[in-house]
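Novice: Here you go, one structure.
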Amino acid sequence: MPSQLDRLKTALAGKFDIEREIGQGGMAVVYLAHDVRHNRKVAVKVLRPELAAVVGGERFLNEIQVTANMQHPHILPLFESGEADGFVYYVMPLVEGESLRDRLSREGPLSTSDVTRFLSQVADALSYAHARGVLHRDIKPDNVMVSGRHAMVMDFGVARAVTEATDEAALTTAGMAIGTPAYMAPEQAAADPQIDHRADIYALGILGYELLTGTTPFEDRAPHQILAAHMTEEPEAVTNRRSDVPAVLADVVMRSLEKDIDKRWTTGEEIVQRLESLETPESTVAPSTTDSGIGKRVIAALVGIAVTIAIVLTVLGRGEDPAAGVSSTSIAIFPFVVRGGADLDYLGEGMVSLLSRSLDGAGDLRSVDARAVLAAIRQEAAQVLDPDDARHVAQRLGAGLYVLGDIVQVGAQIRIDAALYDFQVATAPIGQASVDGVPDDLLSMINQVAAQLLASGVAPASRVVQVAAVTTDSLSALKAYLEGEQHFRMGQYEPAVEAFQTAIAVDSQFALASYRLSVAAEWALNPGLARVAAEGAVRHAERLSEHDRRLLDGLLATRNGDDQMAERLFRSIVQTWPQDVEAWSQLGEVQFHFGPVMG
């Protein structure tokens with residue numbers, strides 16, 4: 001008789017190649033698997049048979065779809081769910097990291113800075129979910145994954161799906177309960193059917209308490225005694241168990257643990273704002289005067305930044321001279337105007353990066369670097385450009401073609417409209433695109449927009465680079481990546497590093513995010529991380545565009561000390577993409593550190 005693992009392998013054959021069991025939880029068994037269609041490693045979670053029998057597969061899958069639509073950098077997304085041969089399963093990314101439970105077991109209590117960061121990130125995830133009417137109901141260290149400096153809440157909505165798909169009596173009969181006694185709010189312990197999002201806030205307080213002290217407030221008791229304590233006993237002040245906890249952090253934890261729900265924090269956003277006062281980027285800490293190596297790196301970086309700024313300003317200034325000429329094969333993508341959907345605001349500037357990568361290399365087209373475009377726009381009085389304003393900016397950038405567009409969200413539907421203009425024929429667009437769809441189809445929609453614009457004949461549409469191929473098929477990873485790009489453009493290198501790490505944690509094959517993490521980490525004076533990230537980009541370099549592969553080659557030549565090769569590579573890039581800020585910056589670094597300036 002085949003084992004359960006063999007049955008599961010057979011049931012999911014062709015979609016997921018199940019490799020081995022990697023963990024168990026109260027509701028599901030977790031397997032490492034290979035996603036055949038997308039060629040990636042994933043975690044397949046299979047509901048325990050006794051729970052699946054009570055819940056019912058169809059009802060569970062209907063409920064969990066609420067979770068599938070959540071996109072947040074600190075929420076582990078749901079890739080897929082289904083039922084096969086009696087198995088009810090759902091699929092999530094395989095995170096290269098560990099759970100906070102594993103971290104606690106290995107290291108004991110965490111540093112106050114780590115606790116502050118992780119609590120803030122989990123609170124941000126809760127705020128996002130609660131605003132959409134979704135409760136987690138089982139916040140605990142086991143359900144928070146950590147990759148680098150980033151926390152991601154997993155199984156969001158699974159508890160909700162179980163409770164909505166059945167009733168408490170049926171679960172009790174099956175010998176199961178939703179939630180974990182050590183983390184249950186008083187109202188949850190009392191089986192109040194009207195619990196709201198503040199139950200998650202209470203569990204967040206328990207999580208913080210445990211991360212700081214290594215134990216929950218009512219440790220070493222039977223489950224029924226723990227539930228009673230939640231309802232009747234005041235927890236010991238966290239500062240009594242650990243004296244170095246900052247007052248702000250202690251206040252966040254203890255106020256979350258108020259038994260009266262009206263005295264707790266109202267939202268996760270309130271907690272995030274309260275904790276922000278404690279978060280100080282490591283890059284602002286003055287280097288020790290006794291560490292000559294660090295001191296020299298800081299000085300070299302500062303001088304290098306000055307040289308780079310001078311070079312970039314020279315490049316951008318050169319673009320302002322009308323006599324410099326306008327190339328008929330250079331295309332500038334301007335920020336799209338976003339209307340009706342705050343969740344899509346990140347796509348305003350994000351479209352500059354995404355559509356630029358999709359159009360670059362189609363025929364003779366070369367996209368103007370997104371950072372050069374955005375820097376040029378910030379010099380304008382109006383941030384929303386009309387075609388005539390855009391024409392003048394395009395001229396400064398040497399772009400003979402430019403794109404303006406809108407993104408409109410109405411309910412669950414998105415519409416992307418774009419217009420392609422020729423510098424020489426500015427009275428009307430020479431190409432237009434209009435695509436309708438839903439958020440899950442966003443990457444495909446961007447590809448369609450690019451293809452429709454190219455149908456005007458400026459380049460062969462068949463050579464459009466698919467955005468998903470050079471970026472990711474995960475919207476949450478994409479959003480984190482675009483957030484990192486925004487931080488990087490503003491010189492905020494530590495937040496940029498964190499955002500790029502989040503993107504990679506969601507999609508470990510996100511080569512573009514690995515490459516950009518390598519660059520950001522170098523600027524953040526973290527060469528070890530920069531090297532590891534570059535190696536990650538190399539492993540999946542086939543997913544990079546020609547432009548980004550050449551930049552990566554130059555970066556690796558620099559890291560390997562081959563300054564002559566690096567200089568040749570970066571010079572060849574700026575010859576093809578004369579407004580490429582990244583290539584000019586790297587060329588400036590090479591010339592400063594290895595060129596005539598150093599003798």
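Naming works like this for the structure tokens: A, B, ... for the chains as they're shown, residue 1 at the start of each chain, ligands 1 onward in shown order.
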Neighbouring residues of His130 in chain A were defined as those with any atom within 10 Å, considering only C-alpha atoms; residues of the same chain fewer than 6 positions away were excluded. Please report them as a PyMOL selection string.
Specialist: chain A and resi 124+136+196-198+200+267-268
Novice: Quick one: residues within 6 Å of range 432-440 of chain A, only C-alpha atoms counted, chain neighbours fewer than 2 positions away excluded, as a list in words?
Specialist: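 Once the adjacent positions are removed, what remains is Gln413, Ile414, Arg415, Ile416, Asp417, Ala418, Ala419, Leu442, Val449, Gln452 and Leu453 of chain A.
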Novice: Find the spatial neighbours of range 534-539 of chain A, counting only C-alpha atoms, within a cut-off of 9 Å - ignore same-chain residues fewer than 2 positions away - and output them as a PyMOL selection string.
Specialist: chain A and resi 508-519+529-532+541-544+549+552+555-556
Novice: Using N, CA, C and O atoms, can you write the selected residues to a file as a CSV table (one decimal), in the first residue's frame?
Specialist:
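File written: out10.csv
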```
chain,number,residue,atom,x,y,z
A,508,SER,N,13.7,33.7,-4.6
A,508,SER,CA,15.1,33.5,-4.5
A,508,SER,C,15.8,33.5,-5.8
A,508,SER,O,17.0,33.6,-5.9
A,509,GLN,N,15.0,33.4,-6.9
A,509,GLN,CA,15.6,33.5,-8.3
A,509,GLN,C,15.4,34.8,-8.9
A,509,GLN,O,15.7,35.0,-10.1
A,510,PHE,N,15.1,35.8,-8.1
A,510,PHE,CA,14.9,37.2,-8.6
A,510,PHE,C,16.3,37.8,-8.9
A,510,PHE,O,16.9,38.5,-8.0
A,511,ALA,N,16.9,37.5,-10.0
A,511,ALA,CA,18.2,37.9,-10.4
A,511,ALA,C,18.4,39.4,-10.3
A,511,ALA,O,19.5,39.9,-9.9
A,512,LEU,N,17.5,40.2,-10.8
A,512,LEU,CA,17.6,41.6,-10.9
A,512,LEU,C,17.7,42.2,-9.5
A,512,LEU,O,18.5,43.1,-9.2
A,513,ALA,N,16.9,41.7,-8.5
A,513,ALA,CA,17.0,42.1,-7.2
A,513,ALA,C,18.3,41.8,-6.5
A,513,ALA,O,18.8,42.5,-5.7
A,514,SER,N,18.8,40.6,-6.9
A,514,SER,CA,20.1,40.2,-6.3
A,514,SER,C,21.2,41.1,-6.8
A,514,SER,O,22.1,41.6,-6.1
A,515,TYR,N,21.2,41.5,-8.1
A,515,TYR,CA,22.2,42.4,-8.6
A,515,TYR,C,22.1,43.8,-8.0
A,515,TYR,O,23.1,44.4,-7.5
A,516,ARG,N,20.9,44.3,-7.8
A,516,ARG,CA,20.7,45.6,-7.2
A,516,ARG,C,21.0,45.6,-5.7
A,516,ARG,O,21.6,46.6,-5.2
A,517,LEU,N,20.8,44.4,-5.1
A,517,LEU,CA,21.2,44.3,-3.7
A,517,LEU,C,22.7,44.4,-3.6
A,517,LEU,O,23.3,45.0,-2.6
A,518,SER,N,23.4,43.8,-4.5
A,518,SER,CA,24.9,43.8,-4.5
A,518,SER,C,25.4,45.2,-4.6
A,518,SER,O,26.3,45.6,-3.8
A,519,VAL,N,24.8,46.0,-5.5
A,519,VAL,CA,25.2,47.4,-5.6
A,519,VAL,C,24.9,48.2,-4.4
A,519,VAL,O,25.7,49.0,-3.8
A,529,LEU,N,28.0,41.1,2.1
A,529,LEU,CA,26.6,40.9,1.6
A,529,LEU,C,26.7,41.2,0.1
A,529,LEU,O,26.0,40.5,-0.7
A,530,ALA,N,27.4,42.2,-0.3
A,530,ALA,CA,27.5,42.6,-1.7
A,530,ALA,C,28.0,41.4,-2.6
A,530,ALA,O,27.5,41.1,-3.7
A,531,ARG,N,29.0,40.7,-2.0
A,531,ARG,CA,29.6,39.6,-2.7
A,531,ARG,C,28.6,38.4,-2.9
A,531,ARG,O,28.4,37.8,-3.9
A,532,VAL,N,27.9,38.1,-1.7
A,532,VAL,CA,26.9,37.0,-1.8
A,532,VAL,C,25.8,37.4,-2.7
A,532,VAL,O,25.3,36.5,-3.5
A,541,ALA,N,21.6,34.5,-13.9
A,541,ALA,CA,21.9,35.6,-14.8
A,541,ALA,C,21.0,35.4,-16.1
A,541,ALA,O,20.8,36.4,-16.8
A,542,GLU,N,20.6,34.2,-16.4
A,542,GLU,CA,19.7,34.1,-17.6
A,542,GLU,C,18.5,34.9,-17.6
A,542,GLU,O,17.8,35.1,-18.6
A,543,ARG,N,18.1,35.3,-16.3
A,543,ARG,CA,16.8,36.1,-16.2
A,543,ARG,C,17.1,37.6,-16.3
A,543,ARG,O,16.2,38.4,-16.1
A,544,LEU,N,18.3,38.0,-16.5
A,544,LEU,CA,18.6,39.4,-16.7
A,544,LEU,C,18.6,39.8,-18.1
A,544,LEU,O,18.9,39.0,-19.0
A,549,ARG,N,23.0,42.2,-17.6
A,549,ARG,CA,24.1,41.2,-17.6
A,549,ARG,C,25.4,41.9,-17.8
A,549,ARG,O,26.4,41.6,-17.2
A,552,LEU,N,26.4,43.6,-14.6
A,552,LEU,CA,26.9,42.6,-13.7
A,552,LEU,C,28.3,42.1,-14.0
A,552,LEU,O,29.1,42.0,-13.1
A,555,LEU,N,30.6,44.7,-12.8
A,555,LEU,CA,30.7,44.7,-11.3
A,555,LEU,C,31.6,43.6,-10.8
A,555,LEU,O,32.4,43.8,-9.9
A,556,LEU,N,31.4,42.4,-11.4
A,556,LEU,CA,32.2,41.3,-11.0
A,556,LEU,C,33.7,41.5,-11.4
A,556,LEU,O,34.6,41.1,-10.6
```
Novice: Name the residues of range 424-593 of chain A that come out as strand (DSSP E or B) in a backbone DSSP run; write them as a list in words.
Specialist: Val425, Gly431, Gln432, Ala433, Ser434, Val435, Asp436 and Gly437 of chain A
Novice: At a cut-off of 10 Å, using only C-alpha atoms, what residues contact Leu227 in chain A? Leave out same-chain residues fewer than 3 positions from it and give the result as a ChimeraX atom specification.
Specialist: /A:180-190,218,221-224,230-232
Novice: Restricted to N, CA, C and O atoms, what would the selected residues look like written as a PDB file, in the first residue's frame?
Specialist:
```pdb
ATOM      1  N   THR A 180      -3.056  29.138  19.297  1.00  0.00           N
ATOM      2  CA  THR A 180      -2.137  28.478  20.221  1.00  0.00           C
ATOM      3  C   THR A 180      -2.322  29.099  21.596  1.00  0.00           C
ATOM      4  O   THR A 180      -2.229  30.322  21.731  1.00  0.00           O
ATOM      5  N   PRO A 181      -2.606  28.299  22.637  1.00  0.00           N
ATOM      6  CA  PRO A 181      -2.950  28.853  23.954  1.00  0.00           C
ATOM      7  C   PRO A 181      -2.000  29.928  24.457  1.00  0.00           C
ATOM      8  O   PRO A 181      -2.429  30.947  24.995  1.00  0.00           O
ATOM      9  N   ALA A 182      -0.706  29.750  24.292  1.00  0.00           N
ATOM     10  CA  ALA A 182       0.257  30.714  24.837  1.00  0.00           C
ATOM     11  C   ALA A 182       0.128  32.096  24.226  1.00  0.00           C
ATOM     12  O   ALA A 182       0.591  33.086  24.810  1.00  0.00           O
ATOM     13  N   TYR A 183      -0.523  32.209  23.062  1.00  0.00           N
ATOM     14  CA  TYR A 183      -0.592  33.485  22.343  1.00  0.00           C
ATOM     15  C   TYR A 183      -2.026  33.992  22.173  1.00  0.00           C
ATOM     16  O   TYR A 183      -2.263  34.941  21.441  1.00  0.00           O
ATOM     17  N   MET A 184      -2.978  33.353  22.842  1.00  0.00           N
ATOM     18  CA  MET A 184      -4.383  33.714  22.665  1.00  0.00           C
ATOM     19  C   MET A 184      -4.762  34.925  23.516  1.00  0.00           C
ATOM     20  O   MET A 184      -4.453  34.980  24.710  1.00  0.00           O
ATOM     21  N   ALA A 185      -5.459  35.855  22.906  1.00  0.00           N
ATOM     22  CA  ALA A 185      -6.003  36.992  23.645  1.00  0.00           C
ATOM     23  C   ALA A 185      -7.085  36.502  24.602  1.00  0.00           C
ATOM     24  O   ALA A 185      -7.681  35.436  24.382  1.00  0.00           O
ATOM     25  N   PRO A 186      -7.372  37.255  25.678  1.00  0.00           N
ATOM     26  CA  PRO A 186      -8.404  36.827  26.627  1.00  0.00           C
ATOM     27  C   PRO A 186      -9.735  36.505  25.952  1.00  0.00           C
ATOM     28  O   PRO A 186     -10.373  35.501  26.266  1.00  0.00           O
ATOM     29  N   GLU A 187     -10.153  37.352  25.015  1.00  0.00           N
ATOM     30  CA  GLU A 187     -11.437  37.113  24.355  1.00  0.00           C
ATOM     31  C   GLU A 187     -11.389  35.881  23.468  1.00  0.00           C
ATOM     32  O   GLU A 187     -12.389  35.184  23.273  1.00  0.00           O
ATOM     33  N   GLN A 188     -10.204  35.590  22.925  1.00  0.00           N
ATOM     34  CA  GLN A 188     -10.044  34.385  22.115  1.00  0.00           C
ATOM     35  C   GLN A 188     -10.056  33.146  23.007  1.00  0.00           C
ATOM     36  O   GLN A 188     -10.667  32.121  22.669  1.00  0.00           O
ATOM     37  N   ALA A 189      -9.402  33.246  24.164  1.00  0.00           N
ATOM     38  CA  ALA A 189      -9.392  32.137  25.116  1.00  0.00           C
ATOM     39  C   ALA A 189     -10.783  31.838  25.636  1.00  0.00           C
ATOM     40  O   ALA A 189     -11.119  30.687  25.944  1.00  0.00           O
ATOM     41  N   ALA A 190     -11.623  32.895  25.734  1.00  0.00           N
ATOM     42  CA  ALA A 190     -12.990  32.722  26.220  1.00  0.00           C
ATOM     43  C   ALA A 190     -13.950  32.288  25.118  1.00  0.00           C
ATOM     44  O   ALA A 190     -15.159  32.205  25.338  1.00  0.00           O
ATOM     45  N   PHE A 218       3.175  33.422  30.550  1.00  0.00           N
ATOM     46  CA  PHE A 218       2.618  32.385  31.430  1.00  0.00           C
ATOM     47  C   PHE A 218       3.176  31.018  31.027  1.00  0.00           C
ATOM     48  O   PHE A 218       2.451  30.088  30.683  1.00  0.00           O
ATOM     49  N   ARG A 221       2.916  26.005  32.094  1.00  0.00           N
ATOM     50  CA  ARG A 221       1.619  25.657  32.678  1.00  0.00           C
ATOM     51  C   ARG A 221       0.860  24.792  31.677  1.00  0.00           C
ATOM     52  O   ARG A 221       1.168  24.772  30.477  1.00  0.00           O
ATOM     53  N   ALA A 222      -0.137  24.093  32.193  1.00  0.00           N
ATOM     54  CA  ALA A 222      -0.994  23.297  31.316  1.00  0.00           C
ATOM     55  C   ALA A 222      -1.792  24.251  30.420  1.00  0.00           C
ATOM     56  O   ALA A 222      -2.047  25.397  30.803  1.00  0.00           O
ATOM     57  N   PRO A 223      -2.196  23.793  29.231  1.00  0.00           N
ATOM     58  CA  PRO A 223      -2.917  24.673  28.314  1.00  0.00           C
ATOM     59  C   PRO A 223      -4.127  25.356  28.940  1.00  0.00           C
ATOM     60  O   PRO A 223      -4.341  26.561  28.729  1.00  0.00           O
ATOM     61  N   HIS A 224      -4.936  24.629  29.733  1.00  0.00           N
ATOM     62  CA  HIS A 224      -6.131  25.252  30.304  1.00  0.00           C
ATOM     63  C   HIS A 224      -5.749  26.298  31.346  1.00  0.00           C
ATOM     64  O   HIS A 224      -6.453  27.294  31.540  1.00  0.00           O
ATOM     65  N   HIS A 230      -4.515  34.130  30.822  1.00  0.00           N
ATOM     66  CA  HIS A 230      -4.755  35.220  29.871  1.00  0.00           C
ATOM     67  C   HIS A 230      -5.979  36.044  30.278  1.00  0.00           C
ATOM     68  O   HIS A 230      -6.013  37.266  30.077  1.00  0.00           O
ATOM     69  N   MET A 231      -6.954  35.382  30.844  1.00  0.00           N
ATOM     70  CA  MET A 231      -8.198  36.068  31.194  1.00  0.00           C
ATOM     71  C   MET A 231      -8.147  36.728  32.570  1.00  0.00           C
ATOM     72  O   MET A 231      -8.864  37.699  32.814  1.00  0.00           O
ATOM     73  N   THR A 232      -7.277  36.243  33.465  1.00  0.00           N
ATOM     74  CA  THR A 232      -7.372  36.708  34.860  1.00  0.00           C
ATOM     75  C   THR A 232      -6.088  37.294  35.438  1.00  0.00           C
ATOM     76  O   THR A 232      -6.140  38.068  36.393  1.00  0.00           O
TER      77      THR A 232
END
```
Novice: Find the residues near Ala237 in chain A: any atom within 10 Å, counting only C-alpha atoms, skip ones fewer than 4 places away on the same chain, and give them as a compact mmCIF listing (two decimals) with C-alpha atoms, in the first residue's frame.
Specialist:
```
# COMPACT_ATOMS: atom_id res chain seq x y z
CA TYR A 209 7.63 39.49 25.12
CA PRO A 217 4.35 35.52 30.12
CA ARG A 241 12.67 40.12 33.31
CA ARG A 242 15.11 42.14 31.19
CA ALA A 250 8.43 47.94 26.72
CA ASP A 251 5.41 50.21 26.33
CA VAL A 253 4.72 45.15 24.35
CA MET A 254 2.85 45.76 27.60
```
Novice: Using only C-alpha atoms, which residues sit within 12 Å of range 87-91 of chain A once same-chain residues fewer than 6 positions away are excluded, as a short mmCIF file (atom, residue, chain, number, x, y, z; two decimals) with N, CA and C atoms, in the first residue's frame?
Specialist:
```cif
data_model
loop_
_atom_site.label_atom_id
_atom_site.label_comp_id
_atom_site.auth_asym_id
_atom_site.auth_seq_id
_atom_site.Cartn_x
_atom_site.Cartn_y
_atom_site.Cartn_z
N GLN A 4 1.60 7.87 2.37
CA GLN A 4 0.97 9.17 2.11
C GLN A 4 1.86 10.03 1.22
N LEU A 5 3.18 9.97 1.43
CA LEU A 5 4.10 10.75 0.61
C LEU A 5 4.05 10.30 -0.84
N ARG A 7 1.52 8.83 -2.33
CA ARG A 7 0.23 9.25 -2.89
C ARG A 7 0.26 10.72 -3.27
N LEU A 8 0.88 11.53 -2.41
CA LEU A 8 0.95 12.97 -2.69
C LEU A 8 1.79 13.23 -3.93
N LYS A 9 2.92 12.52 -4.06
CA LYS A 9 3.76 12.68 -5.25
C LYS A 9 2.97 12.37 -6.52
N THR A 10 2.20 11.31 -6.46
CA THR A 10 1.41 10.92 -7.64
C THR A 10 0.31 11.94 -7.92
N ALA A 11 -0.35 12.41 -6.85
CA ALA A 11 -1.47 13.35 -7.02
C ALA A 11 -1.03 14.67 -7.63
N LEU A 12 0.18 15.11 -7.31
CA LEU A 12 0.64 16.43 -7.78
C LEU A 12 1.65 16.33 -8.92
N LYS A 15 2.76 19.01 -11.82
CA LYS A 15 2.67 20.39 -11.32
C LYS A 15 3.77 20.67 -10.30
N PHE A 16 3.88 19.77 -9.32
CA PHE A 16 4.88 19.92 -8.28
C PHE A 16 5.58 18.58 -8.05
N ILE A 18 7.27 16.62 -5.52
CA ILE A 18 7.47 16.60 -4.07
C ILE A 18 8.78 15.90 -3.75
N MET A 27 -1.80 22.51 11.78
CA MET A 27 -2.83 22.33 10.77
C MET A 27 -2.35 21.66 9.49
N ALA A 28 -1.03 21.66 9.27
CA ALA A 28 -0.55 21.17 7.98
C ALA A 28 0.81 20.51 8.11
N VAL A 29 1.11 19.66 7.12
CA VAL A 29 2.44 19.08 6.95
C VAL A 29 3.08 19.79 5.76
N VAL A 30 4.35 20.17 5.90
CA VAL A 30 5.02 20.99 4.90
C VAL A 30 6.03 20.14 4.13
N TYR A 31 5.99 20.27 2.80
CA TYR A 31 6.91 19.52 1.94
C TYR A 31 7.71 20.47 1.06
N LEU A 32 8.98 20.12 0.86
CA LEU A 32 9.79 20.81 -0.13
C LEU A 32 9.43 20.26 -1.50
N ALA A 33 9.20 21.17 -2.46
CA ALA A 33 8.80 20.71 -3.79
C ALA A 33 9.39 21.61 -4.87
N HIS A 34 9.40 21.09 -6.09
CA HIS A 34 9.85 21.84 -7.25
C HIS A 34 8.62 22.20 -8.08
N ASP A 35 8.42 23.51 -8.29
CA ASP A 35 7.32 23.99 -9.12
C ASP A 35 7.73 23.80 -10.58
N ARG A 40 11.02 26.59 -9.91
CA ARG A 40 11.47 27.18 -8.65
C ARG A 40 11.12 26.24 -7.50
N LYS A 41 11.82 26.42 -6.39
CA LYS A 41 11.53 25.65 -5.19
C LYS A 41 10.39 26.33 -4.43
N VAL A 42 9.48 25.51 -3.89
CA VAL A 42 8.34 26.04 -3.15
C VAL A 42 8.08 25.16 -1.93
N ALA A 43 7.24 25.67 -1.05
CA ALA A 43 6.77 24.89 0.10
C ALA A 43 5.31 24.52 -0.15
N VAL A 44 5.03 23.24 -0.21
CA VAL A 44 3.66 22.76 -0.39
C VAL A 44 3.14 22.33 0.98
N LYS A 45 2.07 22.98 1.43
CA LYS A 45 1.51 22.67 2.75
C LYS A 45 0.20 21.91 2.55
N VAL A 46 0.14 20.74 3.16
CA VAL A 46 -1.02 19.86 3.00
C VAL A 46 -1.78 19.81 4.33
N LEU A 47 -3.06 20.16 4.30
CA LEU A 47 -3.88 20.12 5.51
C LEU A 47 -3.89 18.70 6.08
N ARG A 48 -3.81 18.61 7.38
CA ARG A 48 -3.88 17.30 8.01
C ARG A 48 -5.21 16.63 7.65
N PRO A 49 -5.19 15.33 7.39
CA PRO A 49 -6.41 14.64 6.91
C PRO A 49 -7.61 14.85 7.82
N GLU A 50 -7.39 14.80 9.16
CA GLU A 50 -8.53 14.94 10.07
C GLU A 50 -9.13 16.34 9.98
N LEU A 51 -8.27 17.36 9.72
CA LEU A 51 -8.78 18.73 9.58
C LEU A 51 -9.48 18.89 8.24
N ALA A 52 -8.88 18.34 7.19
CA ALA A 52 -9.48 18.43 5.86
C ALA A 52 -10.86 17.78 5.84
N ALA A 53 -11.01 16.67 6.59
CA ALA A 53 -12.30 15.98 6.63
C ALA A 53 -13.37 16.84 7.28
N VAL A 54 -12.97 17.59 8.31
CA VAL A 54 -13.95 18.44 9.01
C VAL A 54 -14.26 19.69 8.21
N VAL A 55 -13.21 20.32 7.67
CA VAL A 55 -13.37 21.60 6.98
C VAL A 55 -14.06 21.44 5.63
N GLY A 56 -13.61 20.46 4.85
CA GLY A 56 -14.12 20.33 3.49
C GLY A 56 -13.23 21.11 2.54
N GLY A 57 -12.68 20.43 1.54
CA GLY A 57 -11.71 21.05 0.65
C GLY A 57 -12.22 22.26 -0.08
N GLU A 58 -13.41 22.15 -0.68
CA GLU A 58 -13.94 23.24 -1.51
C GLU A 58 -14.17 24.50 -0.68
N ARG A 59 -14.71 24.34 0.52
CA ARG A 59 -14.99 25.50 1.36
C ARG A 59 -13.69 26.17 1.81
N PHE A 60 -12.70 25.35 2.18
CA PHE A 60 -11.42 25.90 2.60
C PHE A 60 -10.77 26.69 1.46
N LEU A 61 -10.76 26.11 0.27
CA LEU A 61 -10.12 26.76 -0.87
C LEU A 61 -10.83 28.05 -1.25
N ASN A 62 -12.14 28.09 -1.11
CA ASN A 62 -12.88 29.33 -1.39
C ASN A 62 -12.49 30.43 -0.42
N ILE A 64 -9.65 30.68 1.38
CA ILE A 64 -8.24 31.06 1.37
C ILE A 64 -7.91 32.00 0.21
N GLN A 65 -8.82 32.12 -0.75
CA GLN A 65 -8.59 33.04 -1.87
C GLN A 65 -8.45 34.48 -1.40
N THR A 67 -6.67 35.43 1.04
CA THR A 67 -5.25 35.58 1.30
C THR A 67 -4.46 35.70 0.00
N ALA A 68 -4.91 35.01 -1.02
CA ALA A 68 -4.17 35.01 -2.29
C ALA A 68 -4.09 36.40 -2.89
N LEU A 76 4.11 36.52 3.59
CA LEU A 76 4.50 35.49 2.64
C LEU A 76 3.30 35.19 1.74
N PRO A 77 3.44 35.37 0.44
CA PRO A 77 2.28 35.25 -0.44
C PRO A 77 1.84 33.81 -0.66
N LEU A 78 0.62 33.66 -1.13
CA LEU A 78 0.07 32.36 -1.50
C LEU A 78 0.18 32.22 -3.01
N PHE A 79 0.92 31.21 -3.47
CA PHE A 79 1.08 31.00 -4.91
C PHE A 79 -0.14 30.31 -5.52
N GLU A 80 -0.60 29.27 -4.82
CA GLU A 80 -1.63 28.41 -5.43
C GLU A 80 -2.27 27.59 -4.33
N SER A 81 -3.46 27.06 -4.59
CA SER A 81 -4.10 26.13 -3.68
C SER A 81 -4.94 25.16 -4.51
N MET A 154 3.75 34.15 7.76
CA MET A 154 3.23 33.12 6.86
C MET A 154 1.91 32.56 7.38
N ASP A 155 1.26 31.81 6.53
CA ASP A 155 -0.06 31.21 6.83
C ASP A 155 -1.10 32.27 7.15
N PHE A 156 -0.95 33.47 6.57
CA PHE A 156 -1.93 34.52 6.80
C PHE A 156 -3.26 34.10 6.19
N GLY A 157 -4.29 34.11 6.99
CA GLY A 157 -5.62 33.79 6.50
C GLY A 157 -5.95 32.31 6.54
N VAL A 158 -4.95 31.45 6.84
CA VAL A 158 -5.24 30.02 6.87
C VAL A 158 -6.15 29.70 8.05
N ALA A 161 -9.48 30.84 7.14
CA ALA A 161 -10.13 29.94 6.18
C ALA A 161 -10.71 28.72 6.89
N VAL A 162 -9.97 28.20 7.87
CA VAL A 162 -10.45 27.03 8.60
C VAL A 162 -11.69 27.37 9.41
#
```
Novice: Would you list, as a list in words, the residues of range 99-132 of chain A that end up in alpha helix (DSSP H) under DSSP run on this structure's backbone?
Specialist: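 Alpha helix (DSSP H) assignments inside range 99-132 of chain A correspond to Leu100, Arg101, Asp102, Arg103, Leu104, Ser105, Arg106, Glu107, Thr112, Ser113, Asp114, Val115, Thr116, Arg117, Phe118, Leu119, Ser120, Gln121, Val122, Ala123, Asp124, Ala125, Leu126, Ser127, Tyr128, Ala129 and His130 of chain A.
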Novice: Using only C-alpha atoms, can you tell me which of A:Leu359, A:Val425, A:Met565, A:Leu100 comes closest to Gln591 in chain A?
Specialist: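 Among the listed residues, the smallest separation from Gln591 in chain A belongs to A:Met565.
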Novice: Which one is closest to Ala496 in chain A: A:Leu475, A:Ala521, A:Val115, A:Ile333? Count only C-alpha atoms.
Specialist: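 Comparing A:Leu475, A:Ala521, A:Val115, A:Ile333 against Ala496 in chain A, the winner is A:Ala521.
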